[in-house]
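This is query32.cif. It holds mmCIF, C-alpha atoms.
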data_entry
#
loop_
_atom_site.label_atom_id
_atom_site.label_comp_id
_atom_site.auth_asym_id
_atom_site.auth_seq_id
_atom_site.Cartn_x
_atom_site.Cartn_y
_atom_site.Cartn_z
CA MET A 3 1.03 5.07 18.03
CA TYR A 4 -0.88 7.98 16.52
CA SER A 5 -1.74 7.82 12.81
CA ILE A 6 -3.61 10.03 10.39
CA VAL A 7 -5.33 8.21 7.52
CA ALA A 8 -6.23 10.51 4.63
CA GLY A 9 -9.00 9.08 2.46
CA GLY A 10 -11.97 7.15 3.80
CA GLY A 11 -12.63 4.82 0.89
CA LYS A 12 -12.30 1.04 1.11
CA VAL A 13 -8.55 1.17 1.71
CA GLY A 14 -8.58 4.01 4.23
CA ALA A 15 -11.56 2.75 6.23
CA ASN A 16 -10.18 -0.78 6.46
CA VAL A 17 -6.72 0.36 7.46
CA ALA A 18 -8.17 2.73 10.09
CA ARG A 19 -10.33 -0.07 11.47
CA SER A 20 -7.33 -2.40 11.70
CA LEU A 21 -5.12 0.19 13.39
CA LEU A 22 -7.85 0.92 15.93
CA GLY A 23 -8.26 -2.81 16.49
CA MET A 24 -4.56 -3.02 17.29
CA GLY A 25 -5.09 -0.39 19.94
CA HIS A 26 -3.61 2.56 18.06
CA GLU A 27 -4.98 6.07 17.96
CA VAL A 28 -6.28 7.12 14.53
CA THR A 29 -7.89 10.09 12.82
CA LEU A 30 -9.48 9.32 9.47
CA ILE A 31 -10.04 12.22 7.05
CA GLU A 32 -12.74 12.08 4.35
CA GLN A 33 -13.84 14.99 2.18
CA ARG A 34 -17.07 13.69 0.66
CA PRO A 35 -20.04 14.43 2.97
CA TYR A 36 -22.06 11.31 2.06
CA ARG A 37 -19.09 9.08 2.73
CA TYR A 38 -18.24 10.96 5.90
CA ASP A 39 -21.79 10.48 7.24
CA HIS A 40 -21.50 6.78 6.68
CA LEU A 41 -18.05 6.56 8.30
CA GLN A 42 -19.17 8.60 11.27
CA GLU A 43 -21.59 5.87 12.28
CA GLU A 44 -18.66 3.57 12.80
CA PHE A 45 -15.71 5.83 13.63
CA GLU A 46 -17.59 8.60 15.51
CA HIS A 47 -15.20 11.38 16.58
CA GLN A 48 -12.26 9.58 14.97
CA VAL A 49 -13.32 10.64 11.49
CA LEU A 50 -13.01 14.22 10.27
CA LEU A 51 -14.79 15.87 7.32
CA GLY A 52 -12.43 17.84 5.10
CA ASP A 53 -9.85 17.96 2.32
CA ALA A 54 -6.66 16.42 3.69
CA THR A 55 -4.55 18.55 1.36
CA GLU A 56 -5.66 21.69 3.22
CA LEU A 57 -3.33 22.65 6.03
CA HIS A 58 -6.10 23.68 8.43
CA VAL A 59 -7.78 20.29 8.02
CA LEU A 60 -4.52 18.47 8.70
CA GLU A 61 -3.97 20.67 11.74
CA ARG A 62 -7.41 19.86 13.10
CA ALA A 63 -6.48 16.20 12.68
CA GLY A 64 -3.43 16.81 14.87
CA ILE A 65 -0.67 16.84 12.24
CA ALA A 66 1.36 19.21 14.44
CA ARG A 67 1.72 16.68 17.29
CA PRO A 68 3.04 15.10 14.94
CA PRO A 69 1.67 11.59 14.33
CA GLU A 70 4.15 8.75 13.93
CA LEU A 71 2.51 7.78 10.66
CA VAL A 72 0.50 9.42 7.89
CA LEU A 73 -1.19 7.22 5.31
CA ALA A 74 -2.21 9.03 2.12
CA VAL A 75 -4.66 6.61 0.57
CA THR A 76 -7.16 8.77 -1.33
CA GLY A 77 -8.18 7.85 -4.87
CA ASP A 78 -6.20 10.78 -6.24
CA ASP A 79 -2.45 10.43 -6.75
CA GLU A 80 -1.74 14.16 -6.82
CA ASP A 81 -3.57 14.56 -3.50
CA ASN A 82 -1.64 11.66 -1.98
CA LEU A 83 1.66 13.12 -3.09
CA ILE A 84 0.89 16.57 -1.70
CA ILE A 85 -0.36 15.11 1.62
CA CYS A 86 2.96 13.26 2.00
CA GLN A 87 4.96 16.39 1.24
CA LEU A 88 2.95 18.54 3.65
CA ALA A 89 3.36 15.92 6.37
CA THR A 90 7.09 15.28 6.00
CA GLU A 91 8.31 18.73 5.00
CA GLY A 92 5.83 20.85 6.92
CA TYR A 93 5.36 18.86 10.10
CA ARG A 94 8.30 16.43 10.23
CA VAL A 95 6.08 13.36 10.31
CA PRO A 96 8.66 10.53 10.49
CA LYS A 97 6.85 8.03 8.29
CA VAL A 98 4.45 8.50 5.38
CA ILE A 99 3.01 5.84 3.10
CA ALA A 100 1.26 6.77 -0.13
CA ARG A 101 -1.17 4.84 -2.24
CA VAL A 102 -0.43 5.01 -5.97
CA ASN A 103 -3.66 4.59 -7.93
CA ASP A 104 -2.25 4.82 -11.44
CA PRO A 105 1.04 2.92 -11.78
CA ARG A 106 2.15 5.44 -14.39
CA ASN A 107 2.40 8.01 -11.59
CA GLN A 108 4.92 5.89 -9.66
CA GLU A 109 7.78 7.75 -11.33
CA HIS A 110 6.48 11.06 -9.95
CA PHE A 111 6.42 9.71 -6.39
CA ASP A 112 9.97 8.42 -6.85
CA LEU A 113 11.17 11.68 -8.36
CA LEU A 114 9.68 13.75 -5.54
CA GLY A 115 11.17 11.55 -2.84
CA ILE A 116 8.06 9.72 -1.59
CA SER A 117 9.77 6.38 -1.14
CA GLN A 118 7.10 4.36 0.67
CA THR A 119 4.36 3.66 -1.83
CA VAL A 120 1.81 0.94 -2.42
CA CYS A 121 0.25 0.33 -5.81
CA ALA A 122 -2.43 -2.34 -6.00
CA THR A 123 -2.32 -2.50 -9.80
CA SER A 124 1.43 -3.06 -9.86
CA ASN A 125 1.12 -5.70 -7.15
CA VAL A 126 -1.53 -7.58 -9.11
CA LEU A 127 0.56 -7.33 -12.27
CA GLY A 128 3.54 -8.63 -10.31
CA LEU A 129 1.50 -11.66 -9.26
CA VAL A 130 0.39 -12.26 -12.83
CA GLU A 131 4.03 -12.09 -13.90
CA HIS A 132 4.86 -14.53 -11.14
CA GLU A 133 2.39 -17.01 -12.61
CA VAL A 134 3.51 -16.43 -16.17
CA PRO A 135 7.22 -15.64 -16.11
CA GLU A 136 8.26 -14.20 -19.42
CA HIS A 137 11.88 -13.30 -19.30
CA GLY A 138 12.92 -15.85 -16.70
CA ILE A 139 13.16 -13.18 -14.03
CA VAL A 140 10.26 -12.25 -11.78
CA HIS A 141 10.17 -9.19 -9.55
CA LEU A 142 8.85 -10.22 -6.17
CA LEU A 143 9.58 -7.26 -3.96
CA GLU A 144 10.96 -3.80 -4.27
CA LEU A 145 12.62 -2.37 -1.16
CA ARG A 146 12.73 1.26 -2.20
CA LYS A 147 14.25 2.64 0.96
CA GLU A 148 16.99 0.03 0.97
CA ASN A 149 17.45 0.39 -2.79
CA LEU A 150 17.24 -3.38 -3.25
CA GLU A 151 15.00 -5.77 -5.12
CA ILE A 152 14.16 -9.40 -4.60
CA VAL A 153 13.67 -11.45 -7.76
CA GLU A 154 13.01 -15.04 -8.66
CA LEU A 155 14.77 -16.86 -11.48
CA GLN A 156 13.95 -20.18 -13.08
CA ILE A 157 17.04 -22.24 -13.89
CA GLU A 158 16.72 -24.05 -17.23
CA ARG A 159 18.68 -27.00 -18.62
CA ASN A 160 20.91 -24.75 -20.74
CA SER A 161 21.65 -22.32 -17.92
CA PRO A 162 25.34 -21.53 -17.50
CA ALA A 163 24.86 -21.94 -13.76
CA ALA A 164 23.35 -25.45 -13.91
CA GLY A 165 25.53 -27.97 -12.10
CA LYS A 166 27.70 -25.31 -10.47
CA ARG A 167 28.12 -24.53 -6.81
CA VAL A 168 27.06 -21.07 -5.65
CA ALA A 169 30.66 -20.29 -4.66
CA GLY A 170 31.74 -21.04 -8.23
CA LEU A 171 29.29 -18.59 -9.87
CA ARG A 172 30.67 -15.28 -10.93
CA LEU A 173 27.80 -13.30 -9.49
CA PRO A 174 27.83 -9.63 -10.44
CA GLU A 175 28.66 -7.10 -7.73
CA GLY A 176 25.55 -5.94 -5.91
CA THR A 177 23.74 -9.27 -6.25
CA ARG A 178 23.42 -12.25 -3.92
CA LEU A 179 21.48 -15.52 -3.98
CA ILE A 180 19.08 -16.03 -1.08
CA SER A 181 17.55 -19.44 -1.54
CA VAL A 182 16.97 -22.33 -3.91
CA MET A 183 13.60 -24.02 -4.26
CA ARG A 184 13.63 -27.57 -5.59
CA GLN A 185 10.67 -29.94 -5.78
CA GLY A 186 8.60 -27.72 -3.57
CA ARG A 187 11.27 -27.41 -0.89
CA SER A 188 13.33 -24.35 -0.24
CA GLU A 189 16.79 -24.09 1.29
CA LEU A 190 19.09 -21.14 1.89
CA ALA A 191 21.71 -20.68 -0.78
CA GLU A 192 25.06 -21.54 0.81
CA ASP A 193 28.42 -21.45 -0.95
CA SER A 194 28.20 -25.24 -1.25
CA THR A 195 24.67 -25.30 -2.71
CA VAL A 196 24.64 -26.75 -6.23
CA ILE A 197 22.30 -25.09 -8.75
CA ARG A 198 20.29 -27.56 -10.85
CA PRO A 199 17.96 -27.26 -13.84
CA GLY A 200 14.39 -26.73 -12.65
CA ASP A 201 15.49 -24.81 -9.54
CA GLN A 202 13.75 -21.59 -8.62
CA VAL A 203 16.33 -19.24 -7.20
CA LEU A 204 15.62 -16.16 -5.10
CA ALA A 205 18.14 -13.36 -5.37
CA VAL A 206 18.54 -9.94 -3.80
CA LEU A 207 20.08 -7.25 -5.99
CA GLU A 208 20.53 -3.55 -6.55
CA PRO A 209 18.10 -2.15 -9.12
CA GLY A 210 19.52 -2.26 -12.65
CA LYS A 211 21.57 -5.43 -12.07
CA GLU A 212 18.94 -7.74 -13.59
CA ASP A 213 20.67 -8.08 -16.94
CA GLU A 214 24.04 -8.93 -15.43
CA LEU A 215 22.44 -11.49 -13.14
CA ARG A 216 20.44 -12.95 -16.02
CA ARG A 217 23.67 -13.45 -17.99
CA VAL A 218 25.22 -15.45 -15.16
CA LEU A 219 22.20 -17.57 -14.30
CA LEU A 220 19.99 -17.82 -17.36
CA THR A 221 21.60 -17.34 -20.76
CA THR A 222 24.88 -18.52 -22.16
CA MET B 2 12.01 31.37 -26.49
CA LYS B 3 9.81 28.36 -25.85
CA LEU B 4 6.84 28.31 -23.46
CA VAL B 5 4.57 25.43 -22.52
CA VAL B 6 1.24 26.23 -20.87
CA ILE B 7 -0.37 23.30 -19.06
CA GLY B 8 -4.08 23.77 -18.53
CA CYS B 9 -5.75 25.81 -21.24
CA GLY B 10 -8.73 27.25 -19.35
CA ARG B 11 -9.55 30.92 -18.93
CA VAL B 12 -6.19 31.70 -17.34
CA GLY B 13 -3.91 29.36 -19.27
CA SER B 14 -5.33 30.29 -22.68
CA ALA B 15 -5.00 34.04 -22.02
CA VAL B 16 -1.40 33.61 -20.83
CA ALA B 17 -0.67 31.54 -23.95
CA ARG B 18 -2.16 34.16 -26.27
CA ASP B 19 -0.49 37.14 -24.62
CA LEU B 20 2.97 35.58 -24.61
CA ALA B 21 2.54 34.28 -28.18
CA GLU B 22 1.89 37.90 -29.16
CA ASP B 23 5.13 38.86 -27.42
CA GLY B 24 6.89 36.46 -29.78
CA TRP B 25 7.14 33.32 -27.61
CA ASP B 26 6.89 29.93 -29.28
CA VAL B 27 3.95 28.59 -27.26
CA THR B 28 2.48 25.10 -26.92
CA ALA B 29 -0.66 24.62 -24.83
CA VAL B 30 -1.70 21.34 -23.20
CA ASP B 31 -5.23 20.46 -22.09
CA GLU B 32 -7.23 17.32 -21.45
CA GLN B 33 -10.17 18.69 -23.42
CA GLU B 34 -9.87 19.11 -27.14
CA GLU B 35 -12.45 21.91 -26.95
CA ALA B 36 -9.93 24.04 -25.05
CA LEU B 37 -8.23 24.77 -28.38
CA ALA B 38 -11.11 27.12 -29.20
CA ARG B 39 -10.05 29.37 -26.32
CA LEU B 40 -6.82 30.12 -28.15
CA GLY B 41 -8.66 31.82 -31.00
CA GLU B 42 -9.08 31.08 -34.68
CA ARG B 43 -5.68 32.39 -35.66
CA TRP B 44 -3.72 30.32 -33.12
CA ALA B 45 -0.38 29.50 -34.70
CA GLY B 46 1.22 27.81 -31.69
CA GLY B 47 1.09 24.17 -30.67
CA PHE B 48 -1.75 22.37 -28.93
CA ILE B 49 -1.61 18.93 -27.37
CA VAL B 50 -4.53 16.99 -25.93
CA GLY B 51 -3.54 15.07 -22.81
CA HIS B 52 -3.01 15.15 -19.06
CA GLY B 53 -0.14 17.12 -17.62
CA MET B 54 0.70 14.26 -15.23
CA ASP B 55 1.62 12.14 -18.25
CA ALA B 56 5.37 12.48 -18.80
CA GLU B 57 5.00 11.46 -22.45
CA ILE B 58 2.54 14.32 -23.06
CA LEU B 59 4.96 16.76 -21.42
CA ARG B 60 7.76 15.51 -23.64
CA ARG B 61 5.63 15.87 -26.75
CA ALA B 62 4.70 19.40 -25.72
CA GLY B 63 8.41 20.22 -25.61
CA VAL B 64 8.82 20.68 -21.86
CA PRO B 65 12.38 19.18 -21.84
CA ASP B 66 13.74 22.15 -23.79
CA ALA B 67 11.25 24.82 -22.76
CA ASP B 68 12.50 28.12 -21.34
CA ALA B 69 9.35 28.54 -19.29
CA VAL B 70 6.38 26.45 -18.17
CA VAL B 71 3.12 27.84 -16.78
CA VAL B 72 0.95 25.32 -14.90
CA ALA B 73 -2.68 26.40 -14.58
CA THR B 74 -5.01 23.40 -14.60
CA SER B 75 -8.11 23.50 -12.40
CA GLY B 76 -6.50 21.41 -9.62
CA ASP B 77 -4.11 22.92 -7.08
CA ASN B 78 -2.47 19.61 -6.22
CA THR B 79 -2.18 18.64 -9.86
CA ASN B 80 -0.45 21.95 -10.55
CA LEU B 81 1.91 21.57 -7.60
CA VAL B 82 2.92 18.06 -8.65
CA ILE B 83 3.36 18.93 -12.34
CA GLY B 84 5.35 22.03 -11.42
CA GLN B 85 7.75 20.02 -9.27
CA VAL B 86 8.11 17.26 -11.85
CA VAL B 87 8.93 19.79 -14.56
CA GLU B 88 11.50 21.52 -12.34
CA LYS B 89 13.15 18.36 -11.10
CA ARG B 90 13.12 16.20 -14.18
CA TRP B 91 13.93 18.74 -16.84
CA ASP B 92 15.43 21.68 -15.00
CA VAL B 93 13.19 24.18 -16.79
CA PRO B 94 14.55 27.60 -15.75
CA CYS B 95 11.19 29.31 -15.21
CA VAL B 96 8.26 27.33 -13.80
CA VAL B 97 5.22 29.26 -12.58
CA VAL B 98 2.36 27.45 -10.88
CA ARG B 99 -1.14 28.67 -10.16
CA VAL B 100 -2.42 27.66 -6.72
CA LEU B 101 -5.84 28.83 -5.54
CA ASP B 102 -5.39 27.89 -1.87
CA PRO B 103 -3.27 30.61 -0.19
CA ALA B 104 -1.98 28.22 2.49
CA ARG B 105 -0.58 25.74 -0.01
CA ALA B 106 0.71 28.58 -2.23
CA ASP B 107 2.70 29.95 0.75
CA PHE B 108 3.89 26.52 1.81
CA TYR B 109 5.40 25.76 -1.58
CA ALA B 110 6.63 29.33 -2.16
CA ALA B 111 8.63 28.98 1.07
CA ARG B 112 10.25 25.92 -0.51
CA GLY B 113 11.43 27.87 -3.52
CA MET B 114 8.54 27.33 -5.92
CA ARG B 115 7.11 30.20 -7.93
CA THR B 116 3.46 30.04 -6.98
CA ILE B 117 0.83 32.56 -8.06
CA CYS B 118 -2.26 32.71 -5.86
CA PRO B 119 -5.19 34.57 -7.44
CA THR B 120 -7.18 34.12 -4.23
CA GLN B 121 -4.54 35.97 -2.21
CA THR B 122 -4.41 38.70 -4.87
CA ALA B 123 -8.19 39.13 -4.57
CA ILE B 124 -8.03 39.14 -0.76
CA SER B 125 -5.32 41.79 -0.73
CA ALA B 126 -7.04 43.97 -3.33
CA LEU B 127 -10.44 43.80 -1.62
CA THR B 128 -8.98 44.49 1.82
CA ALA B 129 -6.90 47.38 0.49
CA ALA B 130 -9.92 48.90 -1.28
CA VAL B 131 -11.98 48.91 1.93
CA ARG B 132 -9.07 50.22 4.03
CA LYS B 133 -8.50 53.05 1.59
CA GLU B 134 -12.20 53.92 1.66
CA SER B 135 -12.37 53.96 5.47
CA LYS B 136 -9.23 56.10 5.65
CA GLN B 137 -10.73 58.63 3.24
CA THR B 138 -13.99 58.69 5.21
CA GLN B 139 -12.08 59.23 8.45
CA GLU B 140 -10.02 62.02 6.89
CA ALA B 141 -13.13 63.68 5.50
CA SER B 142 -14.88 63.59 8.87
CA ALA B 143 -11.78 64.80 10.75
#

Now that the file is in, can you turn its structure into structure tokens?
Amino acid sequence: MYSIVAGGGKVGANVARSLLGMGHEVTLIEQRPYRYDHLQEEFEHQVLLGDATELHVLERAGIARPPELVLAVTGDDEDNLIICQLATEGYRVPKVIARVNDPRNQEHFDLLGISQTVCATSNVLGLVEHEVPEHGIVHLLELRKENLEIVELQIERNSPAAGKRVAGLRLPEGTRLISVMRQGRSELAEDSTVIRPGDQVLAVLEPGKEDELRRVLLTT
Amino acid sequence: MKLVVIGCGRVGSAVARDLAEDGWDVTAVDEQEEALARLGERWAGGFIVGHGMDAEILRRAGVPDADAVVVATSGDNTNLVIGQVVEKRWDVPCVVVRVLDPARADFYAARGMRTICPTQTAISALTAAVRKESKQTQEASA
């Protein structure tokens, strides 16, 4: 597989190294000369000096082939967004992944149709939330392309679902239970599975269904 | 008619002043508070300190009901992203974006964006001036 990695910081350099290690072909693009010099020692001809938002730089990197994958992982969200647009709209690159540095910019990526994004800050916050659940519902994973989310819910003693079988729950449309974790052991949620206080339940749902699901599983 | 100018540097501030004189209700947005000085002592329009990528700043500047938005910060990619966000999120009828790189200006113009490229304008004017000169010299020597 051929990939272009735009941005030779910690993220870009590590990803490029891993892809090369897996036997893939990679061109890494870095615009800062001092960083480029350093990267060149390791990546040799596989790193290119230039601004990856300039079309002639992308073309020198082989964007017209086109690569199977473009990773826009610079420290600048606007640059990452533009790189993704140039790659998909200008050169029909089938898959682009963008790094979101400031989680507040996520909405811009969504609005402009860049669906594959990674935001370290949001991921860390998600983990913090996982450790300290506040509203009884924890977001574990967002599958943007599929328009689905995976969440975790903690069943309390007063939950309307406690003591009921999965088949007997009136789950809202667009939601489904995946598994139930009890005393450190997890099992798939079957129709016959009985929900008990203390259970941690994984559910898959369409975005925006959290409140409906919460009503069925958490609050009376 | 309401205009929001994002990026109040040399270009943005002059556009804001000229259109305010035409009678537009203008609000300028810039990250630097000092940019207000570029609008002159008698500036009667709005001025908001903040980044144009911040949707809340755009709302406060009145972008949702603006008739026109001019995006002229110092970053091409910032301008291109803000311009698209303004068009897509709020359907502003007239969005004009300054892009210094001719290649990116063309790329986005081909996708329906109104891009203005001062670099291309300079290239065309300089080339035309020299061509005109060489034509006159040729005609004179003929």

Residues of chain A within 9 Å of chain B, all atoms listed in the file counted, as a list in words: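 Therefore, the residues near the partner are Thr55, Glu56, Leu57, His58, Asp79, Glu80, Asp81, Leu83, Ile84, Leu88, Gly92, Arg106, Asn107, His110, Leu113 and Leu114 of chain A.
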
Selected residue of minimal separation from Asp23 (chain B) among B:Leu4, B:Ala143, B:Ala36, B:Cys9, counting only C-alpha atoms: B:Leu4

Quick one: apply the PyMOL selection byres ((chain A and resi 61-66) around 10) to the file and drop the selected residues here as a ChimeraX atom specification. /A:4-8,28-31,48-52,54,56-60,67-72,88-89,92-95

Using the file's own x, y and z axes, what box holds all listed atoms of region 102-119 of chain A with 5 Å on each side, keeping edges along x, y and z, and what are its centre and edge lengths in Å to one decimal, as AutoDock Vina command-line options?
--center_x 3.8 --center_y 8.3 --center_z -6.9 --size_x 24.8 --size_y 20.8 --size_z 25.1

Considering all atoms listed in the file, state which residue in the set A:Arg37, A:His141, A:Lys97, A:Lys211 is at the smallest distance from Leu155 (chain A).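 Looking only at the distances to Leu155 (chain A), the closest residue turns out to be A:His141.
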
Mind listing as a PyMOL selection string all residues within 7 Å of (-0.3, 26.9, -10.3), counting only C-alpha atoms? chain B and resi 72-73+77+80-81+97-100+116-117

Distance of CA of Trp91 (chain B) from CA of Ile49 (chain B), expressed in Å to one decimal place: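 Atom-to-atom, CA of Ile49 (chain B) to CA of Trp91 (chain B), that is 18.8 Å.
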
Would you please work out which residue, of B:Gly41, B:Gly10, B:Gly51, B:Pro94, is nearest to Pro65 (chain B) when using all atoms listed in the file?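 Under the stated criterion, the closest residue is B:Pro94.
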
Atomic separation - CA of Gly138 (chain A) relative to CA of Gln156 (chain A), Å: 5.7 Å

Name all residues at most 9 Å from Val93 (chain B) (count only C-alpha atoms; drop same-chain ones fewer than 4 positions away) and give them as a list of chain:residue names. B:Val64, B:Pro65, B:Asp66, B:Ala67, B:Asp68, B:Ala69, B:Val70, B:Val87, B:Glu88, B:Lys89

If you apply the PyMOL selection byres ((chain A and resi 181) around 8) to this file, what residues do you get, as a PDB file with C-alpha atoms, in the coordinates of the input?
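Output saved as result_31.pdb:
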ATOM      1  CA  LEU A 179      21.480 -15.520  -3.980  1.00  0.00           C
ATOM      2  CA  ILE A 180      19.080 -16.030  -1.080  1.00  0.00           C
ATOM      3  CA  VAL A 182      16.970 -22.330  -3.910  1.00  0.00           C
ATOM      4  CA  MET A 183      13.600 -24.020  -4.260  1.00  0.00           C
ATOM      5  CA  SER A 188      13.330 -24.350  -0.240  1.00  0.00           C
ATOM      6  CA  GLU A 189      16.790 -24.090   1.290  1.00  0.00           C
ATOM      7  CA  LEU A 190      19.090 -21.140   1.890  1.00  0.00           C
ATOM      8  CA  ALA A 191      21.710 -20.680  -0.780  1.00  0.00           C
ATOM      9  CA  VAL A 203      16.330 -19.240  -7.200  1.00  0.00           C
ATOM     10  CA  LEU A 204      15.620 -16.160  -5.100  1.00  0.00           C
ATOM     11  CA  ALA A 205      18.140 -13.360  -5.370  1.00  0.00           C
TER      12      ALA A 205
END

Could you tell me, as a PyMOL selection string, exactly which residues end up selected when the PyMOL selection byres ((chain A and resi 193) around 12) is applied to this structure? chain A and resi 166-173+178-182+190-192+194-197

Store the residues of this selection in a file with C-alpha atoms, as a PDB file, in the frame of the given file.
ATOM      1  CA  LYS A 166      27.700 -25.310 -10.470  1.00  0.00           C
ATOM      2  CA  ARG A 167      28.120 -24.530  -6.810  1.00  0.00           C
ATOM      3  CA  VAL A 168      27.060 -21.070  -5.650  1.00  0.00           C
ATOM      4  CA  ALA A 169      30.660 -20.290  -4.660  1.00  0.00           C
ATOM      5  CA  GLY A 170      31.740 -21.040  -8.230  1.00  0.00           C
ATOM      6  CA  LEU A 171      29.290 -18.590  -9.870  1.00  0.00           C
ATOM      7  CA  ARG A 172      30.670 -15.280 -10.930  1.00  0.00           C
ATOM      8  CA  LEU A 173      27.800 -13.300  -9.490  1.00  0.00           C
ATOM      9  CA  ARG A 178      23.420 -12.250  -3.920  1.00  0.00           C
ATOM     10  CA  LEU A 179      21.480 -15.520  -3.980  1.00  0.00           C
ATOM     11  CA  ILE A 180      19.080 -16.030  -1.080  1.00  0.00           C
ATOM     12  CA  SER A 181      17.550 -19.440  -1.540  1.00  0.00           C
ATOM     13  CA  VAL A 182      16.970 -22.330  -3.910  1.00  0.00           C
ATOM     14  CA  LEU A 190      19.090 -21.140   1.890  1.00  0.00           C
ATOM     15  CA  ALA A 191      21.710 -20.680  -0.780  1.00  0.00           C
ATOM     16  CA  GLU A 192      25.060 -21.540   0.810  1.00  0.00           C
ATOM     17  CA  SER A 194      28.200 -25.240  -1.250  1.00  0.00           C
ATOM     18  CA  THR A 195      24.670 -25.300  -2.710  1.00  0.00           C
ATOM     19  CA  VAL A 196      24.640 -26.750  -6.230  1.00  0.00           C
ATOM     20  CA  ILE A 197      22.300 -25.090  -8.750  1.00  0.00           C
TER      21      ILE A 197
END

Polymer residues at most 12 Å from Glu158 (chain A), only C-alpha atoms, same-chain spacing of 4 or more positions, as a list in words: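 Counting only the stated atoms, we get His137, Gly138, Ile139, Pro162, Ala163, Ala164, Gly165, Ile197, Arg198, Pro199, Gly200, Asp201, Gln202, Val203, Arg216, Leu219, Leu220, Thr221 and Thr222 of chain A.
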
So how many Å separate CA of Trp25 (chain B) and CA of Cys118 (chain B), to one decimal?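 So the two atoms, CA of Trp25 (chain B) and CA of Cys118 (chain B), lie 23.7 Å apart.
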
Identify the residues around (1.5, 2.1, -8.8) within a radius of 12 Å, measuring from all atoms listed in the file in the coordinates stated by the file, and give them as a CSV table (one decimal) with C-alpha atoms, keeping the file's coordinate frame.
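result38.csv, freshly written:
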chain,number,residue,atom,x,y,z
A,77,GLY,CA,-8.2,7.8,-4.9
A,78,ASP,CA,-6.2,10.8,-6.2
A,79,ASP,CA,-2.4,10.4,-6.8
A,100,ALA,CA,1.3,6.8,-0.1
A,101,ARG,CA,-1.2,4.8,-2.2
A,102,VAL,CA,-0.4,5.0,-6.0
A,103,ASN,CA,-3.7,4.6,-7.9
A,104,ASP,CA,-2.2,4.8,-11.4
A,105,PRO,CA,1.0,2.9,-11.8
A,106,ARG,CA,2.2,5.4,-14.4
A,107,ASN,CA,2.4,8.0,-11.6
A,108,GLN,CA,4.9,5.9,-9.7
A,109,GLU,CA,7.8,7.8,-11.3
A,110,HIS,CA,6.5,11.1,-10.0
A,111,PHE,CA,6.4,9.7,-6.4
A,112,ASP,CA,10.0,8.4,-6.8
A,118,GLN,CA,7.1,4.4,0.7
A,119,THR,CA,4.4,3.7,-1.8
A,120,VAL,CA,1.8,0.9,-2.4
A,121,CYS,CA,0.2,0.3,-5.8
A,122,ALA,CA,-2.4,-2.3,-6.0
A,123,THR,CA,-2.3,-2.5,-9.8
A,124,SER,CA,1.4,-3.1,-9.9
A,125,ASN,CA,1.1,-5.7,-7.2
A,126,VAL,CA,-1.5,-7.6,-9.1
A,127,LEU,CA,0.6,-7.3,-12.3
A,128,GLY,CA,3.5,-8.6,-10.3
